[in-house]
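Quick look at protein09.cif (mmCIF, C-alpha atoms and all ligand atoms):
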data_input
loop_
_atom_site.label_atom_id
_atom_site.label_comp_id
_atom_site.auth_asym_id
_atom_site.auth_seq_id
_atom_site.Cartn_x
_atom_site.Cartn_y
_atom_site.Cartn_z
CA MET S 11 67.51 -107.74 -154.01
CA VAL S 12 68.76 -105.93 -157.14
CA CYS S 13 68.26 -102.17 -156.99
CA LEU S 14 68.84 -99.77 -159.86
CA ILE S 15 69.14 -96.15 -158.77
CA THR S 16 69.38 -93.64 -161.59
CA GLY S 17 71.64 -90.65 -160.99
CA SER S 18 73.43 -92.25 -158.06
CA SER S 19 76.89 -90.74 -158.62
CA ARG S 20 76.08 -87.89 -156.20
CA GLY S 21 73.36 -86.06 -154.29
CA LEU S 22 70.22 -87.89 -153.21
CA GLY S 23 70.82 -90.84 -155.56
CA LYS S 24 74.17 -91.56 -153.90
CA ILE S 25 72.55 -91.63 -150.44
CA ILE S 26 69.79 -93.95 -151.72
CA ALA S 27 72.37 -96.29 -153.33
CA LEU S 28 74.40 -96.42 -150.09
CA ALA S 29 71.25 -97.09 -148.04
CA PHE S 30 70.28 -100.07 -150.23
CA GLY S 31 73.91 -101.26 -150.17
CA LYS S 32 73.96 -101.10 -146.37
CA GLN S 33 70.99 -103.43 -146.16
CA GLY S 34 72.76 -106.00 -148.37
CA SER S 35 71.18 -105.26 -151.74
CA ARG S 36 72.99 -105.52 -155.04
CA VAL S 37 73.12 -101.98 -156.37
CA VAL S 38 73.46 -100.53 -159.85
CA VAL S 39 75.19 -97.17 -159.52
CA HIS S 40 74.18 -95.17 -162.56
CA TYR S 41 75.66 -91.91 -163.88
CA ARG S 42 75.96 -89.84 -167.03
CA ASP S 43 79.14 -87.73 -166.65
CA ASN S 44 80.75 -88.35 -163.26
CA LYS S 45 82.30 -91.81 -163.54
CA SER S 46 84.85 -91.28 -160.78
CA LYS S 47 82.13 -90.19 -158.34
CA ALA S 48 80.02 -93.22 -159.32
CA ASP S 49 83.07 -95.47 -158.78
CA ASP S 50 83.55 -93.95 -155.31
CA VAL S 51 79.91 -94.70 -154.41
CA ALA S 52 80.23 -98.27 -155.70
CA SER S 53 83.43 -98.81 -153.70
CA GLU S 54 81.37 -98.40 -150.51
CA ILE S 55 78.85 -101.10 -151.52
CA LYS S 56 79.60 -104.82 -151.22
CA GLU S 57 77.91 -105.89 -154.47
CA SER S 58 77.59 -103.15 -157.06
CA ILE S 59 78.11 -102.31 -160.69
CA VAL S 60 78.64 -98.92 -162.25
CA LEU S 61 76.79 -98.20 -165.49
CA LYS S 62 76.53 -95.10 -167.65
CA ALA S 63 73.53 -93.96 -169.69
CA GLU S 64 71.88 -90.77 -170.82
CA VAL S 65 68.41 -91.30 -169.35
CA GLY S 66 66.72 -89.54 -172.25
CA ASP S 67 68.18 -91.99 -174.78
CA PRO S 68 65.98 -95.13 -174.96
CA GLU S 69 68.65 -97.25 -176.67
CA LYS S 70 71.22 -96.49 -173.97
CA VAL S 71 68.64 -97.18 -171.27
CA ASN S 72 67.62 -100.52 -172.85
CA ALA S 73 71.28 -101.54 -173.15
CA LEU S 74 71.90 -100.68 -169.49
CA VAL S 75 68.89 -102.69 -168.33
CA ASP S 76 70.01 -105.65 -170.48
CA ASP S 77 73.46 -105.49 -168.85
CA VAL S 78 71.86 -105.68 -165.40
CA ILE S 79 69.60 -108.59 -166.39
CA ASN S 80 72.55 -110.48 -167.93
CA LYS S 81 74.58 -110.03 -164.77
CA TRP S 82 72.02 -110.46 -162.01
CA GLY S 83 68.95 -111.98 -163.71
CA GLY S 84 66.43 -109.29 -162.78
CA ILE S 85 65.67 -105.94 -161.25
CA ASP S 86 63.63 -105.81 -158.04
CA VAL S 87 63.68 -102.08 -157.40
CA LEU S 88 63.97 -99.20 -159.85
CA VAL S 89 64.39 -95.73 -158.39
CA ASN S 90 64.02 -93.00 -161.02
CA ASN S 91 66.06 -90.33 -159.30
CA ALA S 92 68.22 -88.66 -162.00
CA GLY S 93 67.08 -85.12 -162.62
CA ILE S 94 68.14 -81.63 -163.63
CA THR S 95 66.81 -78.12 -163.26
CA LYS S 96 67.57 -74.62 -164.48
CA GLU S 97 66.06 -71.49 -162.97
CA ALA S 98 64.51 -68.90 -165.30
CA LEU S 99 61.18 -67.16 -165.55
CA LEU S 100 58.83 -68.94 -167.96
CA ILE S 101 58.99 -66.21 -170.61
CA LYS S 102 62.80 -66.36 -170.51
CA THR S 103 63.01 -70.18 -170.63
CA SER S 104 64.32 -71.35 -173.99
CA GLY S 105 62.60 -74.17 -175.84
CA ARG S 106 65.85 -76.06 -175.70
CA ASP S 107 66.13 -75.83 -171.91
CA PHE S 108 62.49 -76.88 -171.60
CA ASP S 109 63.14 -79.93 -173.80
CA ASP S 110 66.34 -80.88 -171.90
CA ILE S 111 64.59 -80.75 -168.54
CA VAL S 112 61.51 -82.68 -169.68
CA ASN S 113 63.68 -85.19 -171.53
CA THR S 114 65.70 -85.91 -168.41
CA ASN S 115 63.06 -85.67 -165.68
CA LEU S 116 60.07 -87.22 -167.47
CA LYS S 117 61.20 -89.08 -170.60
CA GLY S 118 64.07 -90.59 -168.56
CA PRO S 119 61.75 -92.34 -166.08
CA PHE S 120 59.46 -93.33 -168.98
CA ASN S 121 62.43 -94.97 -170.73
CA PHE S 122 63.50 -96.79 -167.58
CA ILE S 123 59.99 -97.95 -166.68
CA ARG S 124 59.53 -99.36 -170.19
CA ALA S 125 62.91 -101.11 -170.16
CA ALA S 126 62.82 -102.51 -166.62
CA GLY S 127 59.02 -102.92 -166.46
CA ARG S 128 59.04 -105.67 -169.10
CA HIS S 129 61.39 -107.80 -167.01
CA MET S 130 59.45 -107.10 -163.84
CA MET S 131 56.21 -108.15 -165.58
CA ARG S 132 57.76 -111.48 -166.54
CA ARG S 133 58.82 -112.11 -162.94
CA ARG S 134 55.52 -110.76 -161.61
CA ARG S 135 57.13 -108.56 -159.02
CA GLY S 136 58.89 -105.24 -158.62
CA HIS S 137 58.93 -101.78 -157.11
CA ILE S 138 59.28 -98.57 -159.08
CA ILE S 139 59.81 -95.37 -157.11
CA ASN S 140 59.86 -92.06 -158.94
CA VAL S 141 61.50 -89.03 -157.37
CA SER S 142 59.19 -86.14 -158.15
CA SER S 143 59.01 -82.78 -156.39
CA PHE S 144 56.76 -80.50 -154.39
CA ALA S 145 57.13 -78.13 -157.39
CA GLY S 146 55.21 -80.66 -159.47
CA ILE S 147 52.15 -80.14 -157.29
CA LYS S 148 52.41 -76.52 -156.20
CA GLY S 149 54.51 -75.03 -159.02
CA LYS S 150 57.43 -72.74 -158.31
CA GLU S 151 58.42 -69.36 -159.75
CA GLY S 152 61.40 -69.73 -162.06
CA LEU S 153 60.92 -73.47 -162.45
CA SER S 154 58.24 -73.87 -165.12
CA ALA S 155 59.95 -76.67 -167.05
CA TYR S 156 61.03 -78.44 -163.87
CA SER S 157 57.55 -78.16 -162.30
CA ALA S 158 55.91 -79.38 -165.51
CA SER S 159 58.28 -82.34 -165.75
CA LYS S 160 57.71 -83.31 -162.12
CA ALA S 161 53.91 -82.94 -162.46
CA GLY S 162 54.13 -85.17 -165.54
CA LEU S 163 56.10 -87.69 -163.52
CA ILE S 164 53.21 -87.91 -161.05
CA GLY S 165 50.82 -88.60 -163.94
CA LEU S 166 53.21 -91.24 -165.23
CA THR S 167 53.44 -92.80 -161.76
CA VAL S 168 49.72 -93.20 -161.19
CA THR S 169 49.11 -94.50 -164.71
CA ALA S 170 51.96 -97.01 -164.47
CA ALA S 171 50.58 -98.07 -161.07
CA ARG S 172 47.16 -98.75 -162.62
CA GLU S 173 48.64 -100.73 -165.52
CA LEU S 174 51.22 -102.72 -163.56
CA ALA S 175 49.35 -103.62 -160.35
CA ARG S 176 48.05 -106.82 -161.97
CA TYR S 177 51.69 -107.91 -162.39
CA ASN S 178 52.38 -107.28 -158.70
CA ILE S 179 54.51 -104.24 -159.56
CA MET S 180 54.13 -101.32 -157.16
CA VAL S 181 54.70 -97.82 -158.53
CA ASN S 182 54.89 -94.79 -156.24
CA ALA S 183 56.29 -91.28 -156.22
CA VAL S 184 58.09 -89.40 -153.47
CA LEU S 185 58.45 -85.65 -153.07
CA PRO S 186 61.68 -84.92 -151.20
CA GLY S 187 62.08 -81.72 -149.23
CA TYR S 188 64.53 -79.01 -150.23
CA MET S 189 68.01 -80.54 -150.00
CA LEU S 190 71.33 -78.75 -150.27
CA THR S 191 72.75 -81.12 -152.90
CA ASP S 192 74.45 -79.80 -156.05
CA MET S 193 70.95 -79.13 -157.39
CA GLY S 194 69.40 -77.51 -154.30
CA GLY S 195 72.61 -75.74 -153.26
CA GLY S 196 72.93 -74.25 -156.75
CA SER S 197 69.59 -72.47 -156.73
CA SER S 198 69.02 -68.77 -156.00
CA ASP S 199 68.96 -67.31 -152.48
CA ARG S 200 65.35 -66.34 -153.13
CA ALA S 201 64.33 -69.93 -153.93
CA ARG S 202 66.01 -71.16 -150.76
CA ASP S 203 64.35 -68.43 -148.66
CA ILE S 204 60.94 -69.43 -150.01
CA ALA S 205 61.60 -73.11 -149.25
CA LEU S 206 62.53 -72.26 -145.66
CA ARG S 207 59.51 -69.99 -145.29
CA GLU S 208 57.19 -72.79 -146.46
CA SER S 209 58.82 -75.34 -144.15
CA LEU S 210 56.93 -75.71 -140.86
CA VAL S 211 60.10 -76.89 -139.12
CA LYS S 212 62.22 -74.13 -140.73
CA GLU S 213 64.91 -76.53 -141.89
CA PHE S 214 66.27 -77.83 -145.16
CA SER S 215 65.77 -81.56 -145.62
CA GLY S 216 68.43 -84.23 -145.38
CA PRO S 217 68.59 -86.90 -148.07
CA ASP S 218 68.89 -89.65 -145.42
CA ASN S 219 65.20 -89.50 -144.52
CA VAL S 220 64.23 -89.80 -148.17
CA ALA S 221 66.59 -92.76 -148.66
CA GLU S 222 65.26 -94.48 -145.54
CA PHE S 223 61.67 -93.99 -146.70
CA ILE S 224 62.45 -95.37 -150.17
CA CYS S 225 64.15 -98.46 -148.69
CA TYR S 226 61.07 -99.01 -146.52
CA LEU S 227 58.68 -98.52 -149.45
CA ALA S 228 60.63 -101.06 -151.50
CA LYS S 229 59.82 -103.70 -148.85
CA THR S 230 56.09 -103.03 -148.56
CA LYS S 231 53.27 -104.86 -150.28
CA GLY S 232 49.98 -103.43 -151.48
CA ILE S 233 51.00 -99.77 -151.54
CA THR S 234 50.88 -98.41 -155.07
CA GLY S 235 49.83 -95.32 -157.03
CA GLN S 236 50.66 -93.05 -154.08
CA VAL S 237 52.50 -89.74 -153.85
CA PHE S 238 54.41 -89.22 -150.60
CA ASN S 239 55.42 -85.76 -149.45
CA LEU S 240 58.58 -86.12 -147.36
CA ASP S 241 58.96 -82.80 -145.62
CA SER S 242 56.91 -80.33 -143.62
CA ARG S 243 55.53 -78.19 -146.43
CA ILE S 244 51.75 -78.55 -146.54
CA ILE S 245 50.32 -79.52 -149.92
N1 LIG F 1 67.76 -81.10 -154.30
C1 LIG F 1 66.50 -80.84 -153.99
O1 LIG F 1 66.21 -79.92 -153.21
C2 LIG F 1 65.39 -81.67 -154.57
C3 LIG F 1 64.07 -81.48 -154.10
C4 LIG F 1 63.02 -82.25 -154.62
C5 LIG F 1 63.29 -83.21 -155.59
N2 LIG F 1 64.59 -83.39 -156.03
C6 LIG F 1 64.82 -84.41 -157.04
O2 LIG F 1 65.71 -85.38 -156.51
C7 LIG F 1 66.47 -85.98 -157.56
C8 LIG F 1 67.95 -85.92 -157.23
O3 LIG F 1 68.32 -84.55 -157.09
P1 LIG F 1 69.75 -84.10 -156.51
O4 LIG F 1 69.50 -82.84 -155.78
O5 LIG F 1 70.43 -85.24 -155.84
O6 LIG F 1 70.51 -83.75 -157.89
P2 LIG F 1 72.08 -83.68 -158.21
O7 LIG F 1 72.87 -83.60 -156.94
O8 LIG F 1 72.24 -82.58 -159.20
O9 LIG F 1 72.39 -85.12 -158.92
C9 LIG F 1 71.80 -85.42 -160.16
C10 LIG F 1 72.11 -86.85 -160.57
O10 LIG F 1 71.40 -87.13 -161.78
C11 LIG F 1 72.32 -87.57 -162.81
N3 LIG F 1 71.85 -87.06 -164.10
C12 LIG F 1 71.46 -85.79 -164.39
N4 LIG F 1 71.07 -85.71 -165.67
C13 LIG F 1 71.21 -86.95 -166.21
C14 LIG F 1 70.96 -87.50 -167.50
N5 LIG F 1 70.48 -86.74 -168.50
N6 LIG F 1 71.21 -88.82 -167.70
C15 LIG F 1 71.70 -89.58 -166.68
N7 LIG F 1 71.94 -89.13 -165.44
C16 LIG F 1 71.71 -87.82 -165.21
C17 LIG F 1 73.66 -86.98 -162.39
O11 LIG F 1 74.72 -87.78 -162.98
P3 LIG F 1 76.23 -87.16 -163.17
O12 LIG F 1 76.81 -87.03 -161.80
O13 LIG F 1 76.94 -88.18 -163.98
O14 LIG F 1 76.06 -85.84 -163.83
C18 LIG F 1 73.58 -87.11 -160.87
O15 LIG F 1 73.90 -88.42 -160.47
C19 LIG F 1 66.09 -85.21 -158.83
O16 LIG F 1 65.11 -85.91 -159.56
C20 LIG F 1 65.50 -83.91 -158.29
O17 LIG F 1 64.60 -83.32 -159.19
C21 LIG F 1 65.63 -82.66 -155.55
#
Before anything else, please render the file you have as structure tokens.
Ligand SMILES: NC(=O)c1ccc[n+]([C@@H]2O[C@H](COP(=O)([O-])OP(=O)(O)OC[C@H]3O[C@@H](n4cnc5c(N)ncnc54)[C@H](OP(=O)(O)O)[C@@H]3O)[C@@H](O)[C@H]2O)c1
Amino acid sequence: MVCLITGSSRGLGKIIALAFGKQGSRVVVHYRDNKSKADDVASEIKESIVLKAEVGDPEKVNALVDDVINKWGGIDVLVNNAGITKEALLIKTSGRDFDDIVNTNLKGPFNFIRAAGRHMMRRRRGHIINVSSFAGIKGKEGLSAYSASKAGLIGLTVTAARELARYNIMVNAVLPGYMLTDMGGGSSDRARDIALRESLVKEFSGPDNVAEFICYLAKTKGITGQVFNLDSRII
């Protein structure tokens, strides 16, 4: 199985890449800036390649997907995980920050689904799993652009699921809990306090559960167009 995990140089993406590697998959470790971290992840996986692309740049994304197809002949699983955030109240969020966040978190998955989806359609099989966020459903103070991008990603997921089901391509979204990765760990104390308050089990989430769930989802048949909340916050 060939699995392409965007943003797998660190954080959740790294854990997902290692989980697929552990089960014997061929893994594309993707990054934008941190090549050495991506190389370290790949060194722990038996069959892997490390590829760079800015997810918001369709030409770079197409070229990356072509490289994978040339090497391994297809892509079975695409996990759109790469993402960014920046905390600021809506009225203080610059247009540029808004564009950067939407370009990465929403246009990025759009670019990858278009590029990889074509090949999956030809082979009449595939799984696409988009990493959205609880903020995309409930909203979060200080995260207007992020919440909007993640809500958009849910809309993209269900639409892609409707269009691609006839090609036997399953498209789902997952909402991880609050994880202390570079992204989660870098947010304000207030944001972390709120996440803990909303958590019924009063714990931050570990990325391992999310990775395990994604690996499971990638093996299922007939589950598509769904949004899975992976922590104890009640929607
Ligand atoms: N952390 C949380 O609490 C939490 C909760 C819910 C959902 N999520 C979602 O989970 C996903 C992973 O989050 P994380 O916490 O693991 O983040 P992270 O630790 O900050 O890692 C982000 C990853 O995305 C890559 N990336 C960022 N911008 C990119 C771009 N423009 N082009 C290509 N690659 C790019 C980074 O590559 P480089 O290393 O090369 O920079 C890195 O591999 C995100 O979609 C996030 O929104 C996170």
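The shortest atom-to-atom distance to ligand LIG 1 (chain F), with all atoms listed in the file taken into account, belongs to S:Gly187 out of S:Gly149, S:Gly162, S:Gly187, S:Gly136.
We find CA of Ser198 (chain S) and CA of Glu64 (chain S) to be spaced 26.7 Å apart.
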Report task. Neighbourhood query: residues within 9 Å of (80.7, -98.5, -158.6), file coordinates, counting all atoms listed in the file; return as a list in words. Result -> Ser19, Val37, Val38, Val39, His40, Lys45, Ser46, Lys47, Ala48, Asp49, Asp50, Val51, Ala52, Ser53, Glu54, Ile55, Glu57, Ser58, Ile59, Val60 and Leu61 of chain S
Query raised in the report: Quick one: residues within 8 Å of ligand LIG 1 (chain F), with only C-alpha atoms and all ligand atoms, as a ChimeraX atom specification?
Result: /S:16-24,40-45,47-48,62-66,90-95,110,113-115,118,141-145,156,160,185-195,215
**Report entry** Residues within 12 Å of Phe223 (chain S), all atoms listed in the file, excluding chain neighbours under 3 positions, as a VMD selection string
**Finding:** chain S and resid 25 to 26 29 to 30 139 141 182 to 186 216 to 220 226 to 230 238 to 241
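The shortest atom-to-atom distance to Arg207 (chain S), with all atoms listed in the file taken into account, belongs to S:Ser242 out of S:His129, S:Ala221, S:Ser242, S:Gly232.
As for CA of Thr103 (chain S) and CA of Leu153 (chain S), they are spaced 9.1 Å apart.
Atom pair CA of Pro68 (chain S) / CA of Val112 (chain S) has a distance of 14.2 Å (rounded to one decimal).
Proximity to Ile179 (chain S) at 6 Å, evaluated using only C-alpha atoms and with sequence-adjacent residues fewer than 3 positions away removed, yields Arg135, Gly136, His137, Leu174 and Ala175 of chain S.
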Selected residues written out, C-alpha atoms, as an mmCIF file, keeping the file's coordinate frame:
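This went into result_13.cif:
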data_model
loop_
_atom_site.group_PDB
_atom_site.id
_atom_site.type_symbol
_atom_site.label_atom_id
_atom_site.label_comp_id
_atom_site.auth_asym_id
_atom_site.auth_seq_id
_atom_site.Cartn_x
_atom_site.Cartn_y
_atom_site.Cartn_z
ATOM 1 C CA ARG S 135 57.130 -108.560 -159.020
ATOM 2 C CA GLY S 136 58.890 -105.240 -158.620
ATOM 3 C CA HIS S 137 58.930 -101.780 -157.110
ATOM 4 C CA LEU S 174 51.220 -102.720 -163.560
ATOM 5 C CA ALA S 175 49.350 -103.620 -160.350
#
Requested in this report: Tell me, as a ChimeraX atom specification, which residues lie within 12 Å of Asn178 (chain S), counting all atoms listed in the file; anything in the same chain fewer than 2 positions away does not count.
Outcome: /S:86,127,130-138,170-176,180-181,230-234
Do a neighbour search on Asp199 (chain S) at 12 Å with all atoms listed in the file, toss out local chain neighbours closer than 6 positions, and write the hits as a PDB file with C-alpha atoms, in the coordinates of the input.
ATOM      1  CA  GLU S  97      66.060 -71.490-162.970  1.00  0.00           C
ATOM      2  CA  LEU S 190      71.330 -78.750-150.270  1.00  0.00           C
ATOM      3  CA  ALA S 205      61.600 -73.110-149.250  1.00  0.00           C
ATOM      4  CA  LEU S 206      62.530 -72.260-145.660  1.00  0.00           C
TER       5      LEU S 206
END
Report summary line: From the list S:Val211, S:Leu163, S:Ile204, S:Leu14, the nearest residue to Gly235 (chain S) using only C-alpha atoms is S:Leu163
